[in-house]
Amino acid sequence: MDEAAKALLGATQSGLPIEERPFLALGKDLSLSEDEVLARLTELKKSPIVRRLGGVFDSKRLGFMSTLIAMKVAPERLEEVAERICRFPAVTHSYERGHDYSLWFTLIAADADALERILEVIKGETGVGDLLDLRAERLYKIGVNFSLMSKSKAAKEVKEEKAVLYDGKITLDDKDRALIRELSRDIPIIRKPFEALALRVGLSEDVVIKKLKYWERAGALRRISVILRHTEAGFNHNAMGVWALRKEAAAKAGELAAGLGEVSHCYLRRSFPDWPYNFYAMIHGKTEKECEKAADKITKAAGGADHLLLYSLREFKKTSMRYFA
């Protein structure tokens, strides 16, 4: 991959401009023609490094409920239980991590009642009742730009996305939901992709662009971007750091973690008597040492709190949520 392709992936991770010809606007910043951007992205989309080019939404603002689940699964049953859980469309990510709570997965449902129903079905189907429902209480950061450039160039390229908190869900009609459903898949890599989306859902291009800009301002649409497979991008070491913090220490640690390029997600979550950890940061690095350095910075900001660094040992599932499917 040449430097132009790396720069293009960096720019498209930060977000596609929401306008009639977004790839033309993107190319101007990269000294590439619209045709070059379209050709390069089309080829990159075929490669293992790019998972998707589409909308990234805030599930809460769309009215959905999400949680992180940790399950204590016997080693001999891990693959079988993971396979059963991954069948659920509501499960978007699932990993094995190095702990007695070995199976971790994210779950997104239409509302709190639906979430509880799905959890009960999962318990019944797997026979595993020892699980932690680690719902988020506060979001500090979500989103990261995996830089493929050299460090000197990457400093200019990376645009970090800190959390912006919004209350309540936005109002949506049937055509809004149809548009979100389309954006939950891949958008077409053509000169006027929003025109093509508009035709699919029975709206005008102008109306679609106005809706997308409004959703972006309202915090429902985080961005329209390339999503990379981080291991294919060279970030082979991925650790979920968990800390047991007082809430006043969490604010300081959250501010620090949100500014770290290695951290993609950072939350304050529920804790339990036998699981005191309430502060979570997902850390990505090309080496374990990079992950450990980032974790050490957070620990220092938190005043040396008790913590664990749980590395991803196996990925069972990683997909984007298909809203209103």
# chains A, B, ... in the order shown; residues from 1 in each chain; ligands from 1
$ select_by_dssp --residues "range 86-241 of chain A" --states "alpha helix (DSSP H)" --output "NGL selection string"
:A and (86 or 112-126 or 151-157 or 174-183 or 193-201 or 205-217)
$ select_by_dssp --residues "range 20-184 of chain A" --states "strand (DSSP E)" --output "count of residues only"
43
$ residues_around --residues "Asp100 in chain A" --least-positions-apart "5" --cutoff "10 Å" --atoms "only C-alpha atoms" --output "VMD selection string"
chain A and resid 70 to 75
$ write_last_selection --atoms "N, CA, C and O atoms" --output "PDB file, in the first residue's frame"
ATOM      1  N   ALA A  70     -20.204 -10.196  30.078  1.00  0.00           N
ATOM      2  CA  ALA A  70     -19.080 -11.100  30.367  1.00  0.00           C
ATOM      3  C   ALA A  70     -19.647 -12.405  30.900  1.00  0.00           C
ATOM      4  O   ALA A  70     -20.478 -12.389  31.821  1.00  0.00           O
ATOM      5  N   MET A  71     -19.222 -13.517  30.315  1.00  0.00           N
ATOM      6  CA  MET A  71     -19.725 -14.834  30.730  1.00  0.00           C
ATOM      7  C   MET A  71     -18.588 -15.693  31.253  1.00  0.00           C
ATOM      8  O   MET A  71     -17.504 -15.724  30.672  1.00  0.00           O
ATOM      9  N   LYS A  72     -18.855 -16.398  32.333  1.00  0.00           N
ATOM     10  CA  LYS A  72     -17.896 -17.347  32.876  1.00  0.00           C
ATOM     11  C   LYS A  72     -18.222 -18.711  32.269  1.00  0.00           C
ATOM     12  O   LYS A  72     -19.197 -19.366  32.652  1.00  0.00           O
ATOM     13  N   VAL A  73     -17.407 -19.137  31.292  1.00  0.00           N
ATOM     14  CA  VAL A  73     -17.678 -20.363  30.527  1.00  0.00           C
ATOM     15  C   VAL A  73     -16.532 -21.347  30.733  1.00  0.00           C
ATOM     16  O   VAL A  73     -15.355 -20.965  30.654  1.00  0.00           O
ATOM     17  N   ALA A  74     -16.868 -22.593  30.983  1.00  0.00           N
ATOM     18  CA  ALA A  74     -15.845 -23.632  31.123  1.00  0.00           C
ATOM     19  C   ALA A  74     -15.053 -23.745  29.822  1.00  0.00           C
ATOM     20  O   ALA A  74     -15.649 -23.674  28.736  1.00  0.00           O
ATOM     21  N   PRO A  75     -13.714 -23.900  29.904  1.00  0.00           N
ATOM     22  CA  PRO A  75     -12.881 -23.929  28.686  1.00  0.00           C
ATOM     23  C   PRO A  75     -13.359 -24.921  27.636  1.00  0.00           C
ATOM     24  O   PRO A  75     -13.342 -24.620  26.436  1.00  0.00           O
TER      25      PRO A  75
END
$ atom_distance --atom1 "CA of Leu179 in chain A" --atom2 "CA of Arg52 in chain A"
16.6 Å
$ residues_around --residues "range 103-106 of chain A" --least-positions-apart "4" --cutoff "8 Å" --atoms "only C-alpha atoms" --output "PyMOL selection string"
chain A and resi 66-73+78+82+91-97
$ write_last_selection --atoms "C-alpha atoms" --output "PDB file, in the first residue's frame"
ATOM      1  CA  SER A  66     -26.845  -1.754  24.333  1.00  0.00           C
ATOM      2  CA  THR A  67     -24.718  -3.538  26.889  1.00  0.00           C
ATOM      3  CA  LEU A  68     -21.467  -5.452  27.339  1.00  0.00           C
ATOM      4  CA  ILE A  69     -21.783  -9.001  28.692  1.00  0.00           C
ATOM      5  CA  ALA A  70     -19.080 -11.100  30.367  1.00  0.00           C
ATOM      6  CA  MET A  71     -19.725 -14.834  30.730  1.00  0.00           C
ATOM      7  CA  LYS A  72     -17.896 -17.347  32.876  1.00  0.00           C
ATOM      8  CA  VAL A  73     -17.678 -20.363  30.527  1.00  0.00           C
ATOM      9  CA  LEU A  78     -16.166 -22.031  25.102  1.00  0.00           C
ATOM     10  CA  ALA A  82     -19.625 -18.720  21.500  1.00  0.00           C
ATOM     11  CA  VAL A  91     -24.767  -9.743  19.151  1.00  0.00           C
ATOM     12  CA  THR A  92     -22.339  -7.577  17.183  1.00  0.00           C
ATOM     13  CA  HIS A  93     -18.924  -8.391  18.761  1.00  0.00           C
ATOM     14  CA  SER A  94     -17.723 -11.481  20.611  1.00  0.00           C
ATOM     15  CA  TYR A  95     -14.252 -12.294  21.969  1.00  0.00           C
ATOM     16  CA  GLU A  96     -12.380 -14.713  24.166  1.00  0.00           C
ATOM     17  CA  ARG A  97     -10.370 -12.877  26.829  1.00  0.00           C
TER      18      ARG A  97
END
